[in-house]
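Q: Data file data_3.cif (mmCIF, C-alpha atoms and all ligand atoms; chains and numbers go by the auth columns) is appended below.
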data_entry
loop_
_atom_site.group_PDB
_atom_site.id
_atom_site.type_symbol
_atom_site.label_atom_id
_atom_site.label_comp_id
_atom_site.label_asym_id
_atom_site.label_seq_id
_atom_site.Cartn_x
_atom_site.Cartn_y
_atom_site.Cartn_z
_atom_site.B_iso_or_equiv
_atom_site.auth_seq_id
_atom_site.auth_asym_id
ATOM 1 C CA MET A 1 171.832 157.293 47.814 0.00 1 U
ATOM 2 C CA THR A 2 169.780 156.257 50.842 0.00 2 U
ATOM 3 C CA GLN A 3 168.919 159.684 52.206 0.00 3 U
ATOM 4 C CA LEU A 4 167.576 161.278 49.042 0.00 4 U
ATOM 5 C CA GLN A 5 163.857 162.017 48.816 0.00 5 U
ATOM 6 C CA ARG A 6 162.015 160.700 45.815 0.00 6 U
ATOM 7 C CA ILE A 7 158.983 161.943 43.967 0.00 7 U
ATOM 8 C CA ALA A 8 156.979 160.601 41.051 0.00 8 U
ATOM 9 C CA ILE A 9 156.974 162.784 37.933 0.00 9 U
ATOM 10 C CA ALA A 10 154.680 162.325 34.930 0.00 10 U
ATOM 11 C CA PRO A 11 156.660 161.526 31.750 0.00 11 U
ATOM 12 C CA SER A 12 155.202 164.674 30.122 0.00 12 U
ATOM 13 C CA GLN A 13 157.032 166.849 32.686 0.00 13 U
ATOM 14 C CA PHE A 14 160.420 165.901 31.254 0.00 14 U
ATOM 15 C CA GLN A 15 161.651 168.461 28.715 0.00 15 U
ATOM 16 C CA GLN A 16 165.127 167.620 27.501 0.00 16 U
ATOM 17 C CA GLU A 17 167.292 167.644 30.626 0.00 17 U
ATOM 18 C CA GLN A 18 164.764 169.621 32.689 0.00 18 U
ATOM 19 C CA ILE A 19 161.830 168.559 34.809 0.00 19 U
ATOM 20 C CA LEU A 20 159.016 171.108 34.903 0.00 20 U
ATOM 21 C CA LEU A 21 157.623 170.821 38.422 0.00 21 U
ATOM 22 C CA THR A 22 153.940 171.344 39.152 0.00 22 U
ATOM 23 C CA LYS A 23 152.924 173.828 41.877 0.00 23 U
ATOM 24 C CA GLU A 24 152.030 170.882 44.089 0.00 24 U
ATOM 25 C CA GLN A 25 155.459 169.264 43.594 0.00 25 U
ATOM 26 C CA GLN A 26 157.241 172.584 44.254 0.00 26 U
ATOM 27 C CA HIS A 27 155.261 172.942 47.456 0.00 27 U
ATOM 28 C CA TYR A 28 156.080 169.375 48.482 0.00 28 U
ATOM 29 C CA LEU A 29 159.814 169.656 47.729 0.00 29 U
ATOM 30 C CA ILE A 30 160.341 173.145 49.163 0.00 30 U
ATOM 31 C CA ARG A 31 157.786 173.500 51.978 0.00 31 U
ATOM 32 C CA VAL A 32 157.268 169.911 53.096 0.00 32 U
ATOM 33 C CA LEU A 33 160.653 168.302 52.443 0.00 33 U
ATOM 34 C CA ARG A 34 162.490 171.623 52.974 0.00 34 U
ATOM 35 C CA LEU A 35 164.756 171.209 49.980 0.00 35 U
ATOM 36 C CA ARG A 36 166.647 174.289 48.778 0.00 36 U
ATOM 37 C CA GLU A 37 167.871 175.311 45.367 0.00 37 U
ATOM 38 C CA GLY A 38 170.783 173.061 44.414 0.00 38 U
ATOM 39 C CA ASP A 39 169.594 170.161 46.598 0.00 39 U
ATOM 40 C CA ARG A 40 169.302 166.777 44.992 0.00 40 U
ATOM 41 C CA PHE A 41 166.386 164.365 44.907 0.00 41 U
ATOM 42 C CA ILE A 42 165.282 161.334 42.940 0.00 42 U
ATOM 43 C CA ALA A 43 162.650 161.697 40.230 0.00 43 U
ATOM 44 C CA MET A 44 160.847 158.527 39.141 0.00 44 U
ATOM 45 C CA ASP A 45 158.441 158.159 36.233 0.00 45 U
ATOM 46 C CA GLY A 46 156.623 155.225 37.862 0.00 46 U
ATOM 47 C CA LEU A 47 157.280 153.182 34.723 0.00 47 U
ATOM 48 C CA GLY A 48 160.659 151.789 35.713 0.00 48 U
ATOM 49 C CA LYS A 49 162.954 154.781 35.233 0.00 49 U
ATOM 50 C CA SER A 50 164.553 157.027 37.859 0.00 50 U
ATOM 51 C CA TRP A 51 166.934 159.961 37.702 0.00 51 U
ATOM 52 C CA LEU A 52 169.052 161.954 40.064 0.00 52 U
ATOM 53 C CA ALA A 53 167.780 165.539 39.832 0.00 53 U
ATOM 54 C CA GLN A 54 168.770 168.919 41.224 0.00 54 U
ATOM 55 C CA LEU A 55 166.232 171.503 42.339 0.00 55 U
ATOM 56 C CA GLN A 56 166.223 174.894 40.585 0.00 56 U
ATOM 57 C CA GLN A 57 163.234 177.067 41.529 0.00 57 U
ATOM 58 C CA GLU A 58 160.276 175.942 39.415 0.00 58 U
ATOM 59 C CA GLN A 59 162.130 173.187 37.677 0.00 59 U
ATOM 60 C CA ALA A 60 164.821 170.629 38.247 0.00 60 U
ATOM 61 C CA GLN A 61 167.893 169.649 36.289 0.00 61 U
ATOM 62 C CA VAL A 62 168.290 165.967 35.416 0.00 62 U
ATOM 63 C CA LEU A 63 171.815 164.931 36.463 0.00 63 U
ATOM 64 C CA GLU A 64 171.995 161.221 35.692 0.00 64 U
ATOM 65 C CA PRO A 65 169.836 158.130 35.248 0.00 65 U
ATOM 66 C CA LEU A 66 169.709 155.715 38.198 0.00 66 U
ATOM 67 C CA THR A 67 169.342 151.968 38.363 0.00 67 U
ATOM 68 C CA VAL A 68 166.663 150.849 40.794 0.00 68 U
ATOM 69 C CA GLU A 69 166.667 147.198 41.795 0.00 69 U
ATOM 70 C CA SER A 70 163.714 146.950 44.137 0.00 70 U
ATOM 71 C CA GLU A 71 161.273 145.146 41.851 0.00 71 U
ATOM 72 C CA LEU A 72 160.201 141.526 42.293 0.00 72 U
ATOM 73 C CA PRO A 73 161.262 138.920 39.710 0.00 73 U
ATOM 74 C CA VAL A 74 157.582 138.032 39.297 0.00 74 U
ATOM 75 C CA SER A 75 154.668 140.203 38.253 0.00 75 U
ATOM 76 C CA ILE A 76 151.749 139.913 40.687 0.00 76 U
ATOM 77 C CA ASN A 77 148.207 140.943 39.897 0.00 77 U
ATOM 78 C CA LEU A 78 146.275 141.203 43.158 0.00 78 U
ATOM 79 C CA VAL A 79 142.548 140.830 42.618 0.00 79 U
ATOM 80 C CA VAL A 80 140.647 142.055 45.663 0.00 80 U
ATOM 81 C CA ALA A 81 136.951 142.183 46.382 0.00 81 U
ATOM 82 C CA LEU A 82 136.354 145.732 47.567 0.00 82 U
ATOM 83 C CA PRO A 83 136.162 145.828 51.351 0.00 83 U
ATOM 84 C CA LYS A 84 133.705 148.161 53.076 0.00 84 U
ATOM 85 C CA GLY A 85 134.651 151.696 54.075 0.00 85 U
ATOM 86 C CA ASN A 86 138.224 152.763 53.471 0.00 86 U
ATOM 87 C CA GLY A 87 139.729 149.278 53.809 0.00 87 U
ATOM 88 C CA PHE A 88 140.920 149.352 50.224 0.00 88 U
ATOM 89 C CA ASP A 89 143.218 152.314 50.966 0.00 89 U
ATOM 90 C CA GLU A 90 145.158 150.060 53.295 0.00 90 U
ATOM 91 C CA VAL A 91 145.238 147.217 50.758 0.00 91 U
ATOM 92 C CA VAL A 92 146.665 149.566 48.116 0.00 92 U
ATOM 93 C CA ARG A 93 149.296 150.949 50.484 0.00 93 U
ATOM 94 C CA THR A 94 150.530 147.661 51.913 0.00 94 U
ATOM 95 C CA SER A 95 150.465 145.680 48.669 0.00 95 U
ATOM 96 C CA THR A 96 152.414 148.455 46.904 0.00 96 U
ATOM 97 C CA GLU A 97 155.031 148.270 49.656 0.00 97 U
ATOM 98 C CA LEU A 98 155.201 144.505 49.127 0.00 98 U
ATOM 99 C CA GLY A 99 155.879 144.840 45.393 0.00 99 U
ATOM 100 C CA VAL A 100 152.556 144.225 43.633 0.00 100 U
ATOM 101 C CA ALA A 101 152.501 145.088 39.904 0.00 101 U
ATOM 102 C CA CYS A 102 148.767 145.464 39.405 0.00 102 U
ATOM 103 C CA ILE A 103 145.707 145.749 41.639 0.00 103 U
ATOM 104 C CA THR A 104 142.303 144.806 40.270 0.00 104 U
ATOM 105 C CA PRO A 105 139.383 145.872 42.507 0.00 105 U
ATOM 106 C CA VAL A 106 136.455 143.544 41.933 0.00 106 U
ATOM 107 C CA LEU A 107 132.809 143.619 42.899 0.00 107 U
ATOM 108 C CA SER A 108 131.773 140.254 44.244 0.00 108 U
ATOM 109 C CA ASP A 109 128.354 138.821 45.020 0.00 109 U
ATOM 110 C CA ARG A 110 128.763 139.975 48.624 0.00 110 U
ATOM 111 C CA THR A 111 130.107 143.460 47.882 0.00 111 U
ATOM 112 C CA LEU A 112 127.977 145.289 45.410 0.00 112 U
ATOM 113 C CA LEU A 113 129.230 148.667 46.486 0.00 113 U
ATOM 114 C CA HIS A 114 130.198 150.730 43.431 0.00 114 U
ATOM 115 C CA PRO A 115 133.047 153.086 44.321 0.00 115 U
ATOM 116 C CA SER A 116 133.014 156.662 43.044 0.00 116 U
ATOM 117 C CA PRO A 117 135.530 157.729 40.349 0.00 117 U
ATOM 118 C CA GLN A 118 137.225 159.880 43.032 0.00 118 U
ATOM 119 C CA LYS A 119 138.082 156.690 44.896 0.00 119 U
ATOM 120 C CA LEU A 120 140.098 155.372 41.960 0.00 120 U
ATOM 121 C CA GLU A 121 142.012 158.644 41.825 0.00 121 U
ATOM 122 C CA ARG A 122 142.608 158.436 45.560 0.00 122 U
ATOM 123 C CA TRP A 123 143.898 154.823 45.311 0.00 123 U
ATOM 124 C CA ARG A 124 146.263 155.806 42.506 0.00 124 U
ATOM 125 C CA ARG A 125 147.628 158.635 44.638 0.00 125 U
ATOM 126 C CA ILE A 126 148.108 156.280 47.584 0.00 126 U
ATOM 127 C CA ALA A 127 149.919 153.796 45.293 0.00 127 U
ATOM 128 C CA THR A 128 152.220 156.566 44.034 0.00 128 U
ATOM 129 C CA GLU A 129 153.079 157.692 47.572 0.00 129 U
ATOM 130 C CA ALA A 130 153.671 154.120 48.733 0.00 130 U
ATOM 131 C CA ALA A 131 155.888 153.395 45.685 0.00 131 U
ATOM 132 C CA GLU A 132 157.949 156.522 46.474 0.00 132 U
ATOM 133 C CA GLN A 133 158.317 155.523 50.094 0.00 133 U
ATOM 134 C CA SER A 134 159.261 151.919 49.278 0.00 134 U
ATOM 135 C CA GLU A 135 161.755 153.094 46.630 0.00 135 U
ATOM 136 C CA ARG A 136 160.010 151.139 43.917 0.00 136 U
ATOM 137 C CA ALA A 137 160.792 151.685 40.257 0.00 137 U
ATOM 138 C CA PHE A 138 157.180 151.098 39.249 0.00 138 U
ATOM 139 C CA VAL A 139 153.936 152.516 40.550 0.00 139 U
ATOM 140 C CA PRO A 140 151.431 149.633 40.446 0.00 140 U
ATOM 141 C CA THR A 141 148.605 149.898 37.964 0.00 141 U
ATOM 142 C CA ILE A 142 145.196 150.158 39.608 0.00 142 U
ATOM 143 C CA LEU A 143 142.477 149.049 37.258 0.00 143 U
ATOM 144 C CA GLU A 144 138.875 150.221 37.157 0.00 144 U
ATOM 145 C CA PRO A 145 136.639 148.134 39.436 0.00 145 U
ATOM 146 C CA VAL A 146 134.986 145.293 37.550 0.00 146 U
ATOM 147 C CA ALA A 147 132.490 142.529 38.461 0.00 147 U
ATOM 148 C CA PHE A 148 134.382 139.389 39.502 0.00 148 U
ATOM 149 C CA SER A 149 132.281 137.236 37.150 0.00 149 U
ATOM 150 C CA THR A 150 133.101 139.498 34.164 0.00 150 U
ATOM 151 C CA TRP A 151 136.765 139.606 35.050 0.00 151 U
ATOM 152 C CA LEU A 152 136.946 135.797 35.375 0.00 152 U
ATOM 153 C CA SER A 153 136.108 135.339 31.725 0.00 153 U
ATOM 154 C CA PHE A 154 139.258 137.256 30.678 0.00 154 U
ATOM 155 C CA VAL A 155 142.001 135.660 32.762 0.00 155 U
ATOM 156 C CA ASN A 156 144.431 133.142 31.382 0.00 156 U
ATOM 157 C CA SER A 157 147.544 133.060 33.552 0.00 157 U
ATOM 158 C CA HIS A 158 148.553 131.014 36.582 0.00 158 U
ATOM 159 C CA GLN A 159 146.161 131.933 39.321 0.00 159 U
ATOM 160 C CA TYR A 160 145.164 131.319 42.888 0.00 160 U
ATOM 161 C CA ILE A 161 142.009 132.142 44.788 0.00 161 U
ATOM 162 C CA CYS A 162 142.353 132.446 48.580 0.00 162 U
ATOM 163 C CA VAL A 163 139.536 130.670 50.379 0.00 163 U
ATOM 164 C CA ALA A 164 139.285 131.033 54.150 0.00 164 U
ATOM 165 C CA ARG A 165 137.468 127.744 54.882 0.00 165 U
ATOM 166 C CA GLY A 166 137.847 124.286 53.381 0.00 166 U
ATOM 167 C CA ASN A 167 140.597 121.794 52.907 0.00 167 U
ATOM 168 C CA PHE A 168 142.773 123.468 50.313 0.00 168 U
ATOM 169 C CA PRO A 169 146.555 123.340 49.861 0.00 169 U
ATOM 170 C CA HIS A 170 148.561 126.107 51.486 0.00 170 U
ATOM 171 C CA LEU A 171 149.687 128.835 49.073 0.00 171 U
ATOM 172 C CA LYS A 172 153.305 128.310 50.132 0.00 172 U
ATOM 173 C CA ASP A 173 153.134 124.701 48.897 0.00 173 U
ATOM 174 C CA CYS A 174 151.847 125.767 45.479 0.00 174 U
ATOM 175 C CA LEU A 175 154.611 128.223 44.608 0.00 175 U
ATOM 176 C CA HIS A 176 157.066 125.814 42.995 0.00 176 U
ATOM 177 C CA HIS A 177 156.927 127.121 39.467 0.00 177 U
ATOM 178 C CA LYS A 178 160.067 129.185 39.543 0.00 178 U
ATOM 179 C CA GLU A 179 159.790 129.945 35.847 0.00 179 U
ATOM 180 C CA GLN A 180 156.402 131.548 36.401 0.00 180 U
ATOM 181 C CA ALA A 181 156.560 135.214 35.444 0.00 181 U
ATOM 182 C CA ASN A 182 152.996 136.234 36.265 0.00 182 U
ATOM 183 C CA ILE A 183 150.863 135.380 39.248 0.00 183 U
ATOM 184 C CA VAL A 184 147.240 136.285 39.805 0.00 184 U
ATOM 185 C CA ILE A 185 146.005 136.054 43.392 0.00 185 U
ATOM 186 C CA ALA A 186 142.375 136.710 44.368 0.00 186 U
ATOM 187 C CA ILE A 187 141.193 137.735 47.850 0.00 187 U
ATOM 188 C CA GLY A 188 137.514 137.783 48.809 0.00 188 U
ATOM 189 C CA PRO A 189 135.389 140.290 50.747 0.00 189 U
ATOM 190 C CA GLU A 190 134.697 140.367 54.502 0.00 190 U
ATOM 191 C CA GLY A 191 131.806 137.953 54.018 0.00 191 U
ATOM 192 C CA GLY A 192 133.981 135.565 51.989 0.00 192 U
ATOM 193 C CA TRP A 193 133.459 134.372 48.397 0.00 193 U
ATOM 194 C CA THR A 194 130.161 132.637 47.621 0.00 194 U
ATOM 195 C CA ASP A 195 130.338 128.927 46.701 0.00 195 U
ATOM 196 C CA LYS A 196 129.323 129.860 43.162 0.00 196 U
ATOM 197 C CA GLU A 197 132.199 132.326 42.838 0.00 197 U
ATOM 198 C CA ILE A 198 134.664 129.688 44.008 0.00 198 U
ATOM 199 C CA GLU A 199 133.209 127.120 41.590 0.00 199 U
ATOM 200 C CA ASN A 200 133.378 129.568 38.690 0.00 200 U
ATOM 201 C CA ALA A 201 136.938 130.516 39.568 0.00 201 U
ATOM 202 C CA ILE A 202 137.995 126.848 39.638 0.00 202 U
ATOM 203 C CA ALA A 203 136.270 126.317 36.288 0.00 203 U
ATOM 204 C CA SER A 204 138.326 129.266 34.936 0.00 204 U
ATOM 205 C CA GLY A 205 141.595 127.628 35.989 0.00 205 U
ATOM 206 C CA PHE A 206 142.048 128.983 39.510 0.00 206 U
ATOM 207 C CA GLN A 207 143.722 126.912 42.193 0.00 207 U
ATOM 208 C CA PRO A 208 141.919 127.418 45.544 0.00 208 U
ATOM 209 C CA VAL A 209 144.487 127.955 48.313 0.00 209 U
ATOM 210 C CA SER A 210 144.667 128.442 52.072 0.00 210 U
ATOM 211 C CA LEU A 211 146.708 131.083 53.890 0.00 211 U
ATOM 212 C CA GLY A 212 146.748 129.105 57.137 0.00 212 U
ATOM 213 C CA ARG A 213 144.306 127.936 59.780 0.00 213 U
ATOM 214 C CA ARG A 214 143.190 131.282 61.060 0.00 214 U
ATOM 215 C CA ILE A 215 140.577 133.462 59.377 0.00 215 U
ATOM 216 C CA LEU A 216 142.280 136.676 58.322 0.00 216 U
ATOM 217 C CA ARG A 217 140.598 139.998 57.740 0.00 217 U
ATOM 218 C CA ALA A 218 140.113 140.992 54.115 0.00 218 U
ATOM 219 C CA VAL A 219 142.840 143.655 54.544 0.00 219 U
ATOM 220 C CA THR A 220 145.284 141.233 56.221 0.00 220 U
ATOM 221 C CA ALA A 221 144.963 138.379 53.694 0.00 221 U
ATOM 222 C CA PRO A 222 146.707 140.293 50.821 0.00 222 U
ATOM 223 C CA ILE A 223 149.672 141.052 53.107 0.00 223 U
ATOM 224 C CA VAL A 224 150.086 137.378 53.979 0.00 224 U
ATOM 225 C CA ALA A 225 149.659 136.183 50.375 0.00 225 U
ATOM 226 C CA LEU A 226 152.135 138.743 48.979 0.00 226 U
ATOM 227 C CA SER A 227 154.681 138.009 51.714 0.00 227 U
ATOM 228 C CA LEU A 228 154.565 134.294 50.878 0.00 228 U
ATOM 229 C CA ILE A 229 155.027 134.972 47.160 0.00 229 U
ATOM 230 C CA THR A 230 157.870 137.412 47.838 0.00 230 U
ATOM 231 C CA ALA A 231 159.594 134.878 50.086 0.00 231 U
ATOM 232 C CA ALA A 232 159.300 132.162 47.420 0.00 232 U
ATOM 233 C CA TYR A 233 160.506 134.213 44.461 0.00 233 U
ATOM 234 C CA GLU A 234 162.945 136.788 45.736 0.00 234 U
ATOM 235 C CA VAL A 235 166.484 135.544 46.065 0.00 235 U
HETATM 236 N N1 LIG B . 133.885 135.888 56.717 0.00 301 C
HETATM 237 C C1 LIG B . 134.509 134.816 56.003 0.00 301 C
HETATM 238 C C2 LIG B . 136.005 135.061 55.858 0.00 301 C
HETATM 239 C C3 LIG B . 136.330 136.174 54.947 0.00 301 C
HETATM 240 S S1 LIG B . 137.968 136.654 55.098 0.00 301 C
HETATM 241 C C4 LIG B . 134.328 133.536 56.792 0.00 301 C
HETATM 242 O O1 LIG B . 134.069 133.605 57.964 0.00 301 C
HETATM 243 O O2 LIG B . 134.493 132.470 56.174 0.00 301 C
HETATM 244 C C5 LIG B . 138.182 137.629 53.665 0.00 301 C
HETATM 245 C C6 LIG B . 138.990 136.974 52.563 0.00 301 C
HETATM 246 O O3 LIG B . 140.339 136.824 53.004 0.00 301 C
HETATM 247 C C7 LIG B . 138.543 135.593 52.163 0.00 301 C
HETATM 248 O O4 LIG B . 137.534 135.632 51.166 0.00 301 C
HETATM 249 C C8 LIG B . 139.824 134.983 51.622 0.00 301 C
HETATM 250 O O5 LIG B . 140.037 135.355 50.282 0.00 301 C
HETATM 251 C C9 LIG B . 140.884 135.622 52.491 0.00 301 C
HETATM 252 N N2 LIG B . 141.266 134.797 53.642 0.00 301 C
HETATM 253 C C10 LIG B . 141.149 135.090 54.958 0.00 301 C
HETATM 254 N N3 LIG B . 141.657 134.123 55.728 0.00 301 C
HETATM 255 C C11 LIG B . 142.131 133.173 54.890 0.00 301 C
HETATM 256 C C12 LIG B . 142.769 131.913 55.075 0.00 301 C
HETATM 257 N N4 LIG B . 143.045 131.445 56.269 0.00 301 C
HETATM 258 N N5 LIG B . 143.108 131.220 53.970 0.00 301 C
HETATM 259 C C13 LIG B . 142.821 131.686 52.729 0.00 301 C
HETATM 260 N N6 LIG B . 142.200 132.856 52.489 0.00 301 C
HETATM 261 C C14 LIG B . 141.873 133.601 53.554 0.00 301 C
#
Give the structure from this file in structure tokens form.
Ligand code: SAH
A:
Amino acid sequence: MTQLQRIAIAPSQFQQEQILLTKEQQHYLIRVLRLREGDRFIAMDGLGKSWLAQLQQEQAQVLEPLTVESELPVSINLVVALPKGNGFDEVVRTSTELGVACITPVLSDRTLLHPSPQKLERWRRIATEAAEQSERAFVPTILEPVAFSTWLSFVNSHQYICVARGNFPHLKDCLHHKEQANIVIAIGPEGGWTDKEIENAIASGFQPVSLGRRILRAVTAPIVALSLITAAYEV
């Protein structure tokens, strides 16, 4: 099944054994991917289910359900202070490829930039495309941006905050809890977290961790953190 193209379909597009394709999806399948009537592709609902489907003009016939086994055994919520410019696009793309379950954009003391609602839409589209390309069963959830301080008061799972300077244990040495099903990992902005943010995070149950001796860019740090978690949990 390696060569088949896959596209994300909203659950509402499924009508019995048919998939009603949008104009945009028809264009993508026929003009961009050059599929013809009768060709097969994989339709995924982004919520864990995939099907083998066959193209028929404006719709597709569902042939059979598929089992997708590309998800991590642990659910990771990546909390990222919004980087400047379009840096977050890259974070969404790479962390989706690496298996993240949820991305929470946060506004920190050093990034007070409020993104437009169009940005959220754009990030969700990037996550969908990256999930298709990485053959994921799930499209990660991208939450509305929230102030880090507000968000801190709601968390209650096992969590780590990445801090670039200081004498903190390495993340790889903290990932021993094999039974852990949920991990929250927080990455700061270009300017780093403020001391107050780190203190508040520790008071809320966060473990401060290092990702190594070099200072990573805000868009590189999530890649390193997610790779370490993947390596520790995926058998
Ligand atoms: N400008 C800051 C560094 C910010 S790096 C300074 O000079 O101190 C952006 C974010 O990436 C940090 O807030 C942290 O969450 C993460 N990060 C980068 N390098 C890291 C490292 N070596 N260990 C842990 N976190 C790191």
Q: Suppose you want the space between atom CA of Leu20 of chain U and atom CA of Glu144 of chain U; what is it in Å?
A: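 So the two atoms, atom CA of Leu20 of chain U and atom CA of Glu144 of chain U, lie 29.1 Å apart.
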Q: Pull out every residue that the PyMOL selection byres (((chain U and resi 149) around 8) and not hetatm) matches in the shown coordinates and put them as a list in words.
A: Ser108, Ala147, Phe148, Thr150, Trp151, Leu152, Ser153, Glu197 and Asn200 of chain U
Q: Go ahead and save the picked residues with C-alpha atoms, as a short mmCIF file (atom, residue, chain, number, x, y, z; two decimals), in the coordinates of the input.
A:
data_model
loop_
_atom_site.label_atom_id
_atom_site.label_comp_id
_atom_site.auth_asym_id
_atom_site.auth_seq_id
_atom_site.Cartn_x
_atom_site.Cartn_y
_atom_site.Cartn_z
CA SER U 108 131.77 140.25 44.24
CA ALA U 147 132.49 142.53 38.46
CA PHE U 148 134.38 139.39 39.50
CA THR U 150 133.10 139.50 34.16
CA TRP U 151 136.76 139.61 35.05
CA LEU U 152 136.95 135.80 35.38
CA SER U 153 136.11 135.34 31.72
CA GLU U 197 132.20 132.33 42.84
CA ASN U 200 133.38 129.57 38.69
#
Q: When distances are computed from all atoms listed in the file, which of U:Thr111, U:Gln133, U:Thr94, U:Gln26 shows the smallest separation from Gly191 of chain U?
A: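 Smallest separation from Gly191 of chain U among the options: U:Thr111.
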Q: Considering all atoms listed in the file, state which residue in the set U:Asp109, U:Glu234, U:Glu24, U:Glu129 is at the smallest distance from ligand LIG 301 (chain C).
A: U:Asp109
Q: Can you write out as JSON lines which residues of chain U fall within 9 Å of ligand LIG 301 (chain C), alongside each residue's closest atom pair and its distance in Å to one decimal, counting only C-alpha atoms and all ligand atoms and ordering rows by chain and ascending residue number?
A:
{"residue": "U:Val80", "atom": "CA", "partner": "C:LIG301", "partner_atom": "O5", "distance": 8.2}
{"residue": "U:Ala81", "atom": "CA", "partner": "C:LIG301", "partner_atom": "O4", "distance": 8.1}
{"residue": "U:Pro83", "atom": "CA", "partner": "C:LIG301", "partner_atom": "C5", "distance": 8.8}
{"residue": "U:Ile161", "atom": "CA", "partner": "C:LIG301", "partner_atom": "O5", "distance": 6.7}
{"residue": "U:Cys162", "atom": "CA", "partner": "C:LIG301", "partner_atom": "N6", "distance": 3.9}
{"residue": "U:Val163", "atom": "CA", "partner": "C:LIG301", "partner_atom": "N6", "distance": 4.0}
{"residue": "U:Ala164", "atom": "CA", "partner": "C:LIG301", "partner_atom": "C11", "distance": 3.6}
{"residue": "U:Arg165", "atom": "CA", "partner": "C:LIG301", "partner_atom": "O2", "distance": 5.7}
{"residue": "U:Gly166", "atom": "CA", "partner": "C:LIG301", "partner_atom": "N5", "distance": 8.7}
{"residue": "U:Phe168", "atom": "CA", "partner": "C:LIG301", "partner_atom": "C13", "distance": 8.6}
{"residue": "U:His170", "atom": "CA", "partner": "C:LIG301", "partner_atom": "N5", "distance": 7.9}
{"residue": "U:Leu171", "atom": "CA", "partner": "C:LIG301", "partner_atom": "C13", "distance": 8.3}
{"residue": "U:Ala186", "atom": "CA", "partner": "C:LIG301", "partner_atom": "O5", "distance": 6.5}
{"residue": "U:Ile187", "atom": "CA", "partner": "C:LIG301", "partner_atom": "O5", "distance": 3.6}
{"residue": "U:Gly188", "atom": "CA", "partner": "C:LIG301", "partner_atom": "O4", "distance": 3.2}
{"residue": "U:Pro189", "atom": "CA", "partner": "C:LIG301", "partner_atom": "C5", "distance": 4.8}
{"residue": "U:Glu190", "atom": "CA", "partner": "C:LIG301", "partner_atom": "C5", "distance": 4.5}
{"residue": "U:Gly191", "atom": "CA", "partner": "C:LIG301", "partner_atom": "N1", "distance": 4.0}
{"residue": "U:Gly192", "atom": "CA", "partner": "C:LIG301", "partner_atom": "O4", "distance": 3.6}
{"residue": "U:Trp193", "atom": "CA", "partner": "C:LIG301", "partner_atom": "O4", "distance": 5.1}
{"residue": "U:Thr194", "atom": "CA", "partner": "C:LIG301", "partner_atom": "O4", "distance": 8.7}
{"residue": "U:Pro208", "atom": "CA", "partner": "C:LIG301", "partner_atom": "C13", "distance": 8.4}
{"residue": "U:Val209", "atom": "CA", "partner": "C:LIG301", "partner_atom": "C13", "distance": 6.0}
{"residue": "U:Ser210", "atom": "CA", "partner": "C:LIG301", "partner_atom": "N5", "distance": 3.7}
{"residue": "U:Leu211", "atom": "CA", "partner": "C:LIG301", "partner_atom": "N5", "distance": 3.6}
{"residue": "U:Gly212", "atom": "CA", "partner": "C:LIG301", "partner_atom": "N4", "distance": 4.5}
{"residue": "U:Arg213", "atom": "CA", "partner": "C:LIG301", "partner_atom": "N4", "distance": 5.1}
{"residue": "U:Arg214", "atom": "CA", "partner": "C:LIG301", "partner_atom": "N4", "distance": 4.8}
{"residue": "U:Ile215", "atom": "CA", "partner": "C:LIG301", "partner_atom": "N3", "distance": 3.9}
{"residue": "U:Leu216", "atom": "CA", "partner": "C:LIG301", "partner_atom": "N3", "distance": 3.7}
{"residue": "U:Arg217", "atom": "CA", "partner": "C:LIG301", "partner_atom": "S1", "distance": 5.0}
{"residue": "U:Ala218", "atom": "CA", "partner": "C:LIG301", "partner_atom": "C5", "distance": 3.9}
{"residue": "U:Val219", "atom": "CA", "partner": "C:LIG301", "partner_atom": "O3", "distance": 7.4}
{"residue": "U:Thr220", "atom": "CA", "partner": "C:LIG301", "partner_atom": "O3", "distance": 7.4}
{"residue": "U:Ala221", "atom": "CA", "partner": "C:LIG301", "partner_atom": "O3", "distance": 4.9}
{"residue": "U:Pro222", "atom": "CA", "partner": "C:LIG301", "partner_atom": "O3", "distance": 7.6}
{"residue": "U:Ala225", "atom": "CA", "partner": "C:LIG301", "partner_atom": "N6", "distance": 8.4}
Q: Report as number ranges by chain all protein, DNA and RNA residues lying within 6 Å of Leu55 of chain U, evaluated on only C-alpha atoms, omitting residues in the same chain fewer than 3 positions from it.
A: U: 37-39, 60
Q: Name the closest residue to Val68 of chain U among the candidates U:Ser95, U:Ser134, U:Thr141, U:Gln56; distances are taken between atoms, counting all atoms listed in the file.
A: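 The shortest atom-to-atom distance to Val68 of chain U comes from U:Ser134.
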Q: Considering all atoms listed in the file, can you say which of U:Ile42, U:Leu107, U:Leu21, U:Val146 comes closest to Ile7 of chain U?
A: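 Using all atoms listed in the file, Ile7 of chain U sits closest to U:Ile42.
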Q: Quick check on the file I pasted: which residues fall under the PyMOL selection byres (((chain U and resi 138) around 6) and not hetatm)? Write them as a PyMOL selection string.
A: chain U and resi 46-48+136-137+139
Q: Mind checking which residues fall within 8 Å of Gln18 of chain U, counting all atoms listed in the file, ignoring those fewer than 6 positions away in the same chain, and posting them as number ranges by chain?
A: U: 59-62
Q: Compare U:Tyr160, U:Tyr28, U:Tyr233, U:Phe41 by their minimum atom-to-atom distance to Glu71 of chain U, counting only C-alpha atoms, and give me the closest one.
A: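 Selected residue with least distance to Glu71 of chain U: U:Tyr233.
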Q: For a quick check of understanding, using all atoms listed in the file, which of U:Ser70, U:Arg36, U:Ile183, U:Leu52 has the smallest distance to Leu4 of chain U?
A: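 Answer, going by the shortest atom-to-atom distance: U:Leu52.
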Q: Could you state the separation of atom CA of Val79 of chain U and atom CA of Ile9 of chain U in Å, given to one decimal place?
A: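 Taking atom CA of Val79 of chain U and atom CA of Ile9 of chain U, their separation equals 26.7 Å.
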Q: Suppose you want the space between atom CA of Gln25 of chain U and atom CA of Gln5 of chain U; what is it in Å?
A: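 Computing it gives 12.3 Å between the two atoms.
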